[in-house]
file upload36.cif (mmCIF, C-alpha atoms)
data_entry
loop_
_atom_site.label_atom_id
_atom_site.label_comp_id
_atom_site.auth_asym_id
_atom_site.auth_seq_id
_atom_site.Cartn_x
_atom_site.Cartn_y
_atom_site.Cartn_z
CA MET A 1 -50.81 154.31 -208.73
CA ASN A 2 -48.32 154.18 -205.89
CA ARG A 3 -49.66 151.75 -203.31
CA HIS A 4 -48.25 151.02 -199.88
CA LEU A 5 -49.59 147.80 -198.36
CA SER A 6 -49.43 146.65 -194.75
CA ARG A 7 -51.75 144.44 -192.71
CA LYS A 8 -50.18 145.47 -189.41
CA PRO A 9 -52.24 147.60 -187.02
CA VAL A 10 -51.74 151.36 -186.98
CA ALA A 11 -49.12 151.19 -184.23
CA ARG A 12 -46.19 153.33 -183.16
CA THR A 13 -43.07 152.13 -184.97
CA ALA A 14 -41.07 155.15 -186.15
CA ALA A 15 -37.89 155.98 -184.25
CA THR A 16 -37.93 159.31 -182.47
CA GLY A 17 -35.04 160.70 -184.52
CA GLU A 18 -36.59 159.65 -187.81
CA ALA A 19 -39.96 161.10 -186.81
CA ALA A 20 -38.35 164.39 -185.78
CA ALA A 21 -36.56 164.64 -189.12
CA THR A 22 -39.82 164.00 -190.96
CA ASP A 23 -41.57 166.62 -188.83
CA ARG A 24 -38.95 169.21 -189.77
CA ALA A 25 -39.39 168.44 -193.45
CA LEU A 26 -43.18 168.58 -193.14
CA ALA A 27 -43.04 171.89 -191.27
CA GLU A 28 -41.05 173.33 -194.15
CA ALA A 29 -43.44 171.86 -196.74
CA LEU A 30 -46.45 173.33 -194.90
CA ALA A 31 -44.96 176.82 -194.57
CA GLY A 32 -47.32 179.31 -196.19
CA LYS A 33 -50.12 176.76 -196.40
CA ARG A 34 -53.28 176.14 -194.40
CA VAL A 35 -54.45 172.77 -193.13
CA LEU A 36 -58.19 172.13 -193.31
CA ILE A 37 -59.86 169.21 -191.56
CA ALA A 38 -63.18 167.78 -192.77
CA TYR A 39 -64.90 165.47 -190.29
CA GLY A 40 -66.81 162.32 -191.10
CA LEU A 41 -70.41 161.55 -190.16
CA VAL A 42 -71.15 162.79 -186.58
CA GLY A 43 -67.52 163.86 -186.28
CA GLU A 44 -68.54 167.16 -184.73
CA LEU A 45 -70.37 165.26 -181.98
CA LEU A 46 -67.38 163.00 -181.29
CA ALA A 47 -65.00 165.97 -181.25
CA ALA A 48 -67.23 167.74 -178.72
CA MET A 49 -66.77 164.78 -176.35
CA HIS A 50 -63.03 165.32 -175.91
CA ARG A 51 -63.54 166.37 -172.27
CA LEU A 52 -64.88 162.86 -171.70
CA GLY A 53 -61.68 161.36 -173.08
CA VAL A 54 -62.91 160.85 -176.64
CA ASP A 55 -60.24 161.57 -179.23
CA TYR A 56 -61.54 162.35 -182.70
CA MET A 57 -58.75 163.92 -184.78
CA LYS A 58 -57.90 166.12 -181.79
CA SER A 59 -54.49 164.57 -181.14
CA GLN A 60 -53.69 164.90 -184.84
CA ALA A 61 -54.68 168.59 -184.95
CA ALA A 62 -52.67 169.25 -181.77
CA TRP A 63 -49.57 167.65 -183.32
CA LEU A 64 -49.97 169.70 -186.50
CA ARG A 65 -50.11 172.92 -184.49
CA ARG A 66 -47.54 172.11 -181.82
CA ASP A 67 -44.84 170.20 -183.70
CA LEU A 68 -45.27 171.43 -187.26
CA GLY A 69 -46.38 175.00 -186.54
CA ALA A 70 -49.25 174.53 -188.97
CA GLU A 71 -52.32 176.73 -189.14
CA VAL A 72 -55.15 174.25 -188.69
CA ALA A 73 -58.88 174.84 -189.05
CA VAL A 74 -61.81 172.44 -188.90
CA VAL A 75 -64.36 173.19 -191.61
CA ARG A 76 -67.59 173.65 -189.67
CA LEU A 77 -70.14 171.27 -191.16
CA ARG A 78 -73.36 169.58 -190.16
CA THR A 79 -71.93 166.21 -191.04
CA ALA A 80 -75.26 164.43 -191.62
CA ALA A 81 -76.29 167.01 -194.23
CA ALA A 82 -76.23 166.21 -197.93
CA VAL A 83 -72.79 165.76 -199.49
CA ALA A 84 -73.48 168.55 -201.99
CA ASP A 85 -74.35 171.04 -199.23
CA ASN A 86 -71.18 170.35 -197.26
CA ALA A 87 -69.09 170.32 -200.43
CA GLN A 88 -70.26 173.84 -201.17
CA ARG A 89 -69.08 174.94 -197.74
CA ILE A 90 -65.66 173.30 -198.18
CA ALA A 91 -65.28 174.98 -201.58
CA GLU A 92 -66.11 178.33 -200.00
CA VAL A 93 -63.47 177.85 -197.31
CA LEU A 94 -60.87 176.85 -199.90
CA CYS A 95 -61.65 179.91 -202.02
CA GLN A 96 -61.84 182.50 -199.26
CA ASP A 97 -58.06 182.53 -198.69
CA ALA A 98 -55.42 182.91 -201.39
CA ARG A 99 -53.05 180.55 -199.57
CA PRO A 100 -53.04 176.92 -200.72
CA ALA A 101 -54.57 174.38 -198.35
CA VAL A 102 -53.87 170.77 -197.48
CA VAL A 103 -57.20 169.06 -196.83
CA ILE A 104 -57.31 166.12 -194.42
CA ALA A 105 -60.69 164.39 -194.51
CA HIS A 106 -62.10 161.41 -192.65
CA SER A 107 -64.85 159.16 -193.99
CA LYS A 108 -67.78 161.18 -195.41
CA GLY A 109 -65.63 164.31 -195.28
CA GLY A 110 -63.57 162.83 -198.10
CA LEU A 111 -66.61 162.57 -200.37
CA GLU A 112 -67.48 166.18 -199.66
CA THR A 113 -63.93 167.33 -200.31
CA LEU A 114 -63.77 165.47 -203.62
CA THR A 115 -67.10 167.05 -204.61
CA ALA A 116 -65.80 170.49 -203.57
CA LEU A 117 -62.80 170.01 -205.85
CA MET A 118 -65.14 169.81 -208.84
CA ASN A 119 -65.13 173.59 -208.42
CA ARG A 120 -62.08 174.67 -210.46
CA ARG A 121 -61.30 177.65 -208.26
CA ALA A 122 -61.43 175.49 -205.14
CA ALA A 123 -59.24 172.85 -206.79
CA GLY A 124 -56.72 175.55 -207.61
CA ARG A 125 -56.36 176.33 -203.90
CA CYS A 126 -55.83 172.69 -202.87
CA ALA A 127 -52.16 171.81 -202.34
CA ALA A 128 -52.89 168.19 -201.35
CA PHE A 129 -55.84 165.99 -200.39
CA ILE A 130 -55.61 163.17 -197.83
CA ALA A 131 -58.71 160.97 -197.66
CA ILE A 132 -58.85 158.61 -194.68
CA GLN A 133 -61.35 155.74 -194.95
CA SER A 134 -63.65 157.65 -197.29
CA PRO A 135 -66.34 155.51 -198.98
CA PHE A 136 -66.00 156.90 -202.50
CA LEU A 137 -67.94 153.90 -203.84
CA GLY A 138 -70.35 153.81 -200.91
CA SER A 139 -70.84 151.83 -197.73
CA PRO A 140 -72.95 148.65 -197.38
CA VAL A 141 -73.81 149.81 -193.86
CA ALA A 142 -75.56 152.85 -195.35
CA ASP A 143 -77.34 150.54 -197.80
CA PHE A 144 -78.67 148.48 -194.90
CA LEU A 145 -79.80 151.49 -192.88
CA ILE A 146 -81.63 153.01 -195.85
CA ALA A 147 -83.32 149.71 -196.74
CA ALA A 148 -84.51 149.13 -193.15
CA THR A 149 -87.18 151.84 -193.25
CA PRO A 150 -88.08 152.03 -189.53
CA LEU A 151 -84.41 152.02 -188.54
CA HIS A 152 -83.58 154.64 -191.17
CA ALA A 153 -86.34 156.91 -189.84
CA THR A 154 -85.02 156.51 -186.30
CA VAL A 155 -81.42 157.26 -187.30
CA LYS A 156 -82.45 160.25 -189.40
CA GLY A 157 -84.56 161.65 -186.58
CA SER A 158 -81.73 161.16 -184.09
CA LEU A 159 -79.29 163.02 -186.33
CA ARG A 160 -81.69 165.95 -186.56
CA LEU A 161 -82.17 166.01 -182.79
CA LEU A 162 -78.40 166.05 -182.34
CA ARG A 163 -78.22 168.98 -184.79
CA ALA A 164 -75.87 167.04 -187.06
CA GLY A 165 -77.91 167.92 -190.14
CA SER A 166 -80.91 166.73 -192.09
CA GLY A 167 -79.80 163.12 -192.34
CA ALA A 168 -79.80 163.34 -196.15
CA GLY A 169 -76.11 162.52 -196.08
CA LEU A 170 -76.88 158.92 -195.11
CA HIS A 171 -78.58 158.36 -198.48
CA ASP A 172 -75.56 159.93 -200.18
CA LEU A 173 -73.35 157.22 -198.65
CA THR A 174 -75.17 154.31 -200.29
CA THR A 175 -73.37 152.27 -202.92
CA PRO A 176 -75.81 152.97 -205.82
CA VAL A 177 -75.66 156.74 -205.24
CA ARG A 178 -71.89 156.82 -204.85
CA GLN A 179 -71.10 154.55 -207.78
CA ALA A 180 -73.36 156.58 -210.08
CA TRP A 181 -71.70 159.83 -208.94
CA MET A 182 -68.21 158.44 -209.46
CA GLU A 183 -69.09 157.23 -212.95
CA ARG A 184 -70.54 160.62 -213.93
CA HIS A 185 -67.44 162.45 -212.72
CA ALA A 186 -64.78 159.90 -213.71
CA GLU A 187 -63.03 162.19 -216.19
CA ALA A 188 -62.96 165.14 -213.78
CA ILE A 189 -61.68 162.94 -210.94
CA ALA A 190 -58.88 161.61 -213.15
CA GLY A 191 -57.85 165.19 -213.89
CA LEU A 192 -57.80 166.09 -210.20
CA VAL A 193 -55.71 163.05 -209.29
CA GLU A 194 -53.22 164.00 -211.99
CA ASN A 195 -52.87 167.59 -210.80
CA ILE A 196 -53.30 167.46 -207.00
CA PRO A 197 -51.25 165.18 -204.72
CA MET A 198 -53.79 162.74 -203.31
CA VAL A 199 -53.35 159.99 -200.75
CA CYS A 200 -56.09 157.52 -199.83
CA CYS A 201 -55.86 155.47 -196.64
CA ALA A 202 -57.98 152.38 -196.01
CA THR A 203 -58.01 149.87 -193.17
CA ALA A 204 -59.31 146.35 -192.67
CA VAL A 205 -60.33 144.51 -189.51
CA SER A 206 -59.13 140.91 -189.08
CA LYS A 207 -58.68 138.26 -186.41
CA SER A 208 -55.32 139.80 -185.52
CA THR A 209 -56.82 143.24 -184.83
CA ILE A 210 -56.25 144.33 -181.23
CA GLY A 211 -57.64 146.96 -178.88
CA PRO A 212 -60.87 148.90 -179.44
CA ASP A 213 -60.83 148.19 -183.19
CA ARG A 214 -61.91 144.61 -182.45
CA ARG A 215 -65.38 146.02 -181.81
CA TYR A 216 -65.74 146.29 -185.58
CA LEU A 217 -64.94 142.62 -186.23
CA ALA A 218 -68.52 141.28 -186.32
CA LEU A 219 -69.67 144.08 -188.60
CA ALA A 220 -66.61 143.62 -190.81
CA ARG A 221 -67.41 139.93 -191.22
CA TRP A 222 -71.01 140.79 -192.14
CA ILE A 223 -69.79 143.20 -194.82
CA GLU A 224 -67.48 140.51 -196.19
CA ARG A 225 -70.44 138.11 -196.41
CA GLN A 226 -72.23 140.70 -198.54
CA GLY A 227 -69.40 140.34 -201.06
CA PHE A 228 -67.51 143.59 -200.39
CA GLY A 229 -64.20 142.06 -199.30
CA PRO A 230 -61.83 143.38 -196.62
CA ASN A 231 -63.18 146.40 -194.74
CA ASP A 232 -62.89 148.47 -191.57
CA GLY A 233 -66.35 147.64 -190.24
CA MET A 234 -67.93 150.52 -192.18
CA VAL A 235 -66.07 151.03 -195.46
CA PRO A 236 -64.67 148.38 -197.83
CA VAL A 237 -61.02 148.83 -198.75
CA SER A 238 -62.01 148.82 -202.43
CA SER A 239 -64.39 151.74 -201.82
CA ALA A 240 -61.77 153.94 -200.15
CA LEU A 241 -59.09 153.96 -202.87
CA LEU A 242 -59.22 156.42 -205.76
CA THR A 243 -57.65 155.18 -208.97
CA GLY A 244 -54.36 156.94 -209.62
CA ALA A 245 -53.94 158.29 -206.09
CA ARG A 246 -51.33 157.03 -203.67
CA HIS A 247 -52.72 154.30 -201.43
CA LEU A 248 -51.95 153.12 -197.92
CA VAL A 249 -53.79 150.02 -196.62
CA LEU A 250 -53.41 149.04 -192.97
CA GLY A 251 -55.07 146.90 -190.36
CA GLY A 252 -57.65 148.48 -188.06
CA GLY A 253 -61.20 149.71 -187.61
CA HIS A 254 -63.01 152.76 -188.92
CA ARG A 255 -61.92 155.10 -186.13
CA GLY A 256 -58.50 153.56 -185.59
CA THR A 257 -56.80 156.06 -187.88
CA VAL A 258 -58.16 159.19 -186.19
CA SER A 259 -58.28 158.38 -182.48
CA LYS A 260 -55.93 157.16 -179.77
CA GLY A 261 -56.14 153.72 -178.20
CA ARG A 262 -54.39 150.38 -177.92
CA GLY A 263 -52.86 149.41 -181.24
CA ARG A 264 -53.41 152.89 -182.64
CA ASP A 265 -51.07 155.74 -183.49
CA PRO A 266 -53.10 158.46 -185.22
CA VAL A 267 -50.24 160.98 -185.18
CA GLY A 268 -47.75 158.49 -186.61
CA LEU A 269 -50.22 157.59 -189.35
CA LEU A 270 -50.93 161.20 -190.27
CA ARG A 271 -47.18 161.90 -190.37
CA ARG A 272 -46.83 159.04 -192.85
CA LEU A 273 -49.75 160.21 -195.01
CA LEU A 274 -48.51 163.80 -195.12
CA ALA A 275 -45.04 162.59 -196.05
CA MET A 276 -46.53 160.56 -198.91
CA ALA A 277 -48.43 163.62 -200.15
CA LEU A 278 -45.86 166.35 -199.63
CA LEU A 279 -42.38 164.80 -199.47
CA GLU A 280 -42.34 161.87 -201.87
CA PRO A 281 -41.56 162.54 -205.54
CA ASN A 282 -44.57 162.52 -207.84
CA PRO A 283 -44.93 159.12 -209.53
CA ALA A 284 -44.02 159.01 -213.20
CA PRO A 285 -47.02 159.11 -215.56
CA PRO A 286 -48.04 155.71 -217.00
#

call {"tool": "encode", "arguments": {"input": "upload36.cif", "output": "structure tokens"}}
result
Amino acid sequence: MNRHLSRKPVARTAATGEAAATDRALAEALAGKRVLIAYGLVGELLAAMHRLGVDYMKSQAAWLRRDLGAEVAVVRLRTAAAVADNAQRIAEVLCQDARPAVVIAHSKGGLETLTALMNRRAAGRCAAFIAIQSPFLGSPVADFLIAATPLHATVKGSLRLLRAGSGAGLHDLTTPVRQAWMERHAEAIAGLVENIPMVCCATAVSKSTIGPDRRYLALARWIERQGFGPNDGMVPVSSALLTGARHLVLGGGHRGTVSKGRGRDPVGLLRRLLAMALLEPNPAPP
């Protein structure tokens, strides 16, 4: 495991010259490859609000296209659907083009991408996998929503009304479901991590968090009281890190890595994650 640790917020720090040099190297590394983006829960709804000033992975996709010349496509998913259903769609998109793809996934999209990679043909088309705040071992927030039956019914109904899917995906995010799935597929996951460059990014909210990410502070403290440790207000750090993958842990809330705002630099972060996946030498086997 190659782990990068920082408790500083996701903020703009790279010098312009250094960033430009990294961009040139990334553009070369991405030549002949596709970039696929897999949204998290209700990501398609957030992305549709960009005319209202909401940034959900839009600035990152624009940078990929404009500065790196990358061919970028969002995998069209009903993000509240079951993980297995969306995984099938991601596998289909990976397999429908002979060119290798770099998959960048946020939150639930990371679970669906990992499930898609259980398909050997799909895994063979994956050049790298970047999972940002993906609850591989589940989210205590999902546990709470499922246990609170009236609230769960309301949330599920709202997701259907918003055409985000059946709502079955919420159950798939619970810790018992995720931990059981990870245990069943542990050997296959280890093989994927060994053969595909993977980077997992997690964040944690703290007293020093600034800007809009402070909205997650109360929820983050509640999750800590449940015994899950540092978290981003939705996903514990421990849940977001695959064993054997490269890790980056930063300060911030659950949307701080994929949207603009005070204390945030989503483009700078994605540049760093892509560099870890595509430019750094593979770590030596243990």

call {"tool": "residues_around", "arguments": {"input": "upload36.cif", "residues": "region 77-93 of chain A", "least_positions_apart": "6", "cutoff": "10 Å", "atoms": "all atoms listed in the file", "output": "PyMOL selection string"}}
result
chain A and resi 36-45+101+103+108-123+125-126+156+159-160+162-173

call {"tool": "write_last_selection", "arguments": {"input": "upload36.cif", "atoms": "C-alpha atoms", "output": "PDB file, keeping the file's coordinate frame"}}
result
ATOM      1  CA  LEU A  36     -58.190 172.130-193.310  1.00  0.00           C
ATOM      2  CA  ILE A  37     -59.860 169.210-191.560  1.00  0.00           C
ATOM      3  CA  ALA A  38     -63.180 167.780-192.770  1.00  0.00           C
ATOM      4  CA  TYR A  39     -64.900 165.470-190.290  1.00  0.00           C
ATOM      5  CA  GLY A  40     -66.810 162.320-191.100  1.00  0.00           C
ATOM      6  CA  LEU A  41     -70.410 161.550-190.160  1.00  0.00           C
ATOM      7  CA  VAL A  42     -71.150 162.790-186.580  1.00  0.00           C
ATOM      8  CA  GLY A  43     -67.520 163.860-186.280  1.00  0.00           C
ATOM      9  CA  GLU A  44     -68.540 167.160-184.730  1.00  0.00           C
ATOM     10  CA  LEU A  45     -70.370 165.260-181.980  1.00  0.00           C
ATOM     11  CA  ALA A 101     -54.570 174.380-198.350  1.00  0.00           C
ATOM     12  CA  VAL A 103     -57.200 169.060-196.830  1.00  0.00           C
ATOM     13  CA  LYS A 108     -67.780 161.180-195.410  1.00  0.00           C
ATOM     14  CA  GLY A 109     -65.630 164.310-195.280  1.00  0.00           C
ATOM     15  CA  GLY A 110     -63.570 162.830-198.100  1.00  0.00           C
ATOM     16  CA  LEU A 111     -66.610 162.570-200.370  1.00  0.00           C
ATOM     17  CA  GLU A 112     -67.480 166.180-199.660  1.00  0.00           C
ATOM     18  CA  THR A 113     -63.930 167.330-200.310  1.00  0.00           C
ATOM     19  CA  LEU A 114     -63.770 165.470-203.620  1.00  0.00           C
ATOM     20  CA  THR A 115     -67.100 167.050-204.610  1.00  0.00           C
ATOM     21  CA  ALA A 116     -65.800 170.490-203.570  1.00  0.00           C
ATOM     22  CA  LEU A 117     -62.800 170.010-205.850  1.00  0.00           C
ATOM     23  CA  MET A 118     -65.140 169.810-208.840  1.00  0.00           C
ATOM     24  CA  ASN A 119     -65.130 173.590-208.420  1.00  0.00           C
ATOM     25  CA  ARG A 120     -62.080 174.670-210.460  1.00  0.00           C
ATOM     26  CA  ARG A 121     -61.300 177.650-208.260  1.00  0.00           C
ATOM     27  CA  ALA A 122     -61.430 175.490-205.140  1.00  0.00           C
ATOM     28  CA  ALA A 123     -59.240 172.850-206.790  1.00  0.00           C
ATOM     29  CA  ARG A 125     -56.360 176.330-203.900  1.00  0.00           C
ATOM     30  CA  CYS A 126     -55.830 172.690-202.870  1.00  0.00           C
ATOM     31  CA  LYS A 156     -82.450 160.250-189.400  1.00  0.00           C
ATOM     32  CA  LEU A 159     -79.290 163.020-186.330  1.00  0.00           C
ATOM     33  CA  ARG A 160     -81.690 165.950-186.560  1.00  0.00           C
ATOM     34  CA  LEU A 162     -78.400 166.050-182.340  1.00  0.00           C
ATOM     35  CA  ARG A 163     -78.220 168.980-184.790  1.00  0.00           C
ATOM     36  CA  ALA A 164     -75.870 167.040-187.060  1.00  0.00           C
ATOM     37  CA  GLY A 165     -77.910 167.920-190.140  1.00  0.00           C
ATOM     38  CA  SER A 166     -80.910 166.730-192.090  1.00  0.00           C
ATOM     39  CA  GLY A 167     -79.800 163.120-192.340  1.00  0.00           C
ATOM     40  CA  ALA A 168     -79.800 163.340-196.150  1.00  0.00           C
ATOM     41  CA  GLY A 169     -76.110 162.520-196.080  1.00  0.00           C
ATOM     42  CA  LEU A 170     -76.880 158.920-195.110  1.00  0.00           C
ATOM     43  CA  HIS A 171     -78.580 158.360-198.480  1.00  0.00           C
ATOM     44  CA  ASP A 172     -75.560 159.930-200.180  1.00  0.00           C
ATOM     45  CA  LEU A 173     -73.350 157.220-198.650  1.00  0.00           C
TER      46      LEU A 173
END

call {"tool": "closest_atom_pairs", "arguments": {"input": "upload36.cif", "of": "region 90-189 of chain A", "to": "region 212-221 of chain A", "cutoff": "12 Å", "atoms": "all atoms listed in the file", "output": "JSON lines"}}
result
{"residue": "A:Ser139", "atom": "CA", "partner": "A:Ala220", "partner_atom": "CA", "distance": 11.5}
{"residue": "A:Pro140", "atom": "CA", "partner": "A:Ala220", "partner_atom": "CA", "distance": 10.4}
{"residue": "A:Val141", "atom": "CA", "partner": "A:Leu219", "partner_atom": "CA", "distance": 8.8}
{"residue": "A:Phe144", "atom": "CA", "partner": "A:Leu219", "partner_atom": "CA", "distance": 11.8}

call {"tool": "closest_residue", "arguments": {"input": "upload36.cif", "among": "A:Ala186, A:Leu64, A:Ala204, A:Ala105", "to": "Gly251 (chain A)", "atoms": "only C-alpha atoms"}}
result
A:Ala204

call {"tool": "residues_around", "arguments": {"input": "upload36.cif", "residues": "Leu68 (chain A)", "least_positions_apart": "2", "cutoff": "12 Å", "atoms": "all atoms listed in the file", "output": "ChimeraX atom specification"}}
result
/A:19-31,33-35,60-66,70-72,267,271,274

call {"tool": "atom_distance", "arguments": {"input": "upload36.cif", "atom1": "CA of Leu52 (chain A)", "atom2": "CA of Val74 (chain A)"}}
result
19.9 Å

call {"tool": "residues_near_point", "arguments": {"input": "upload36.cif", "point": "(-68.7, 157.5, -203.0)", "cutoff": "9 Å", "atoms": "only C-alpha atoms", "output": "ChimeraX atom specification"}}
result
/A:108,110-111,134-139,172-182,239-240

call {"tool": "atom_distance", "arguments": {"input": "upload36.cif", "atom1": "CA of Leu273 (chain A)", "atom2": "CA of Ile130 (chain A)"}}
result
7.1 Å

call {"tool": "closest_residue", "arguments": {"input": "upload36.cif", "among": "A:Gly32, A:Phe228, A:Val75, A:Val199", "to": "Leu270 (chain A)", "atoms": "all atoms listed in the file"}}
result
A:Val199

call {"tool": "closest_residue", "arguments": {"input": "upload36.cif", "among": "A:Ala190, A:Leu269, A:Met57, A:Gln133", "to": "Pro236 (chain A)", "atoms": "all atoms listed in the file"}}
result
A:Gln133

call {"tool": "atom_distance", "arguments": {"input": "upload36.cif", "atom1": "CA of Gly252 (chain A)", "atom2": "CA of Arg264 (chain A)"}}
result
8.2 Å

call {"tool": "closest_residue", "arguments": {"input": "upload36.cif", "among": "A:Leu94, A:Met234, A:Ile104, A:Ile132", "to": "Leu145 (chain A)", "atoms": "only C-alpha atoms"}}
result
A:Met234

call {"tool": "residues_around", "arguments": {"input": "upload36.cif", "residues": "Asp232 (chain A)", "least_positions_apart": "6", "cutoff": "6 Å", "atoms": "all atoms listed in the file", "output": "PDB file with C-alpha atoms, in the frame of the given file"}}
result
ATOM      1  CA  THR A 203     -58.010 149.870-193.170  1.00  0.00           C
ATOM      2  CA  ALA A 204     -59.310 146.350-192.670  1.00  0.00           C
ATOM      3  CA  VAL A 205     -60.330 144.510-189.510  1.00  0.00           C
ATOM      4  CA  GLY A 253     -61.200 149.710-187.610  1.00  0.00           C
ATOM      5  CA  HIS A 254     -63.010 152.760-188.920  1.00  0.00           C
TER       6      HIS A 254
END

call {"tool": "closest_residue", "arguments": {"input": "upload36.cif", "among": "A:Cys201, A:Met276, A:Gly191, A:Gly268", "to": "Ser238 (chain A)", "atoms": "all atoms listed in the file"}}
result
A:Cys201

call {"tool": "axis_aligned_box", "arguments": {"input": "upload36.cif", "around": "region 229-246 of chain A", "padding_each_side": "5 Å", "output": "AutoDock Vina command-line options"}}
result
--center_x -59.6 --center_y 150.2 --center_z -199.9 --size_x 26.6 --size_y 26.2 --size_z 29.4

call {"tool": "resolve_selection", "arguments": {"input": "upload36.cif", "expression": "the PyMOL selection byres ((chain A and resi 194) around 10)", "output": "ChimeraX atom specification"}}
result
/A:188-193,195-198,244-245,282-283,285

call {"tool": "write_last_selection", "arguments": {"input": "upload36.cif", "atoms": "C-alpha atoms", "output": "PDB file, keeping the file's coordinate frame"}}
result
ATOM      1  CA  ALA A 188     -62.960 165.140-213.780  1.00  0.00           C
ATOM      2  CA  ILE A 189     -61.680 162.940-210.940  1.00  0.00           C
ATOM      3  CA  ALA A 190     -58.880 161.610-213.150  1.00  0.00           C
ATOM      4  CA  GLY A 191     -57.850 165.190-213.890  1.00  0.00           C
ATOM      5  CA  LEU A 192     -57.800 166.090-210.200  1.00  0.00           C
ATOM      6  CA  VAL A 193     -55.710 163.050-209.290  1.00  0.00           C
ATOM      7  CA  ASN A 195     -52.870 167.590-210.800  1.00  0.00           C
ATOM      8  CA  ILE A 196     -53.300 167.460-207.000  1.00  0.00           C
ATOM      9  CA  PRO A 197     -51.250 165.180-204.720  1.00  0.00           C
ATOM     10  CA  MET A 198     -53.790 162.740-203.310  1.00  0.00           C
ATOM     11  CA  GLY A 244     -54.360 156.940-209.620  1.00  0.00           C
ATOM     12  CA  ALA A 245     -53.940 158.290-206.090  1.00  0.00           C
ATOM     13  CA  ASN A 282     -44.570 162.520-207.840  1.00  0.00           C
ATOM     14  CA  PRO A 283     -44.930 159.120-209.530  1.00  0.00           C
ATOM     15  CA  PRO A 285     -47.020 159.110-215.560  1.00  0.00           C
TER      16      PRO A 285
END
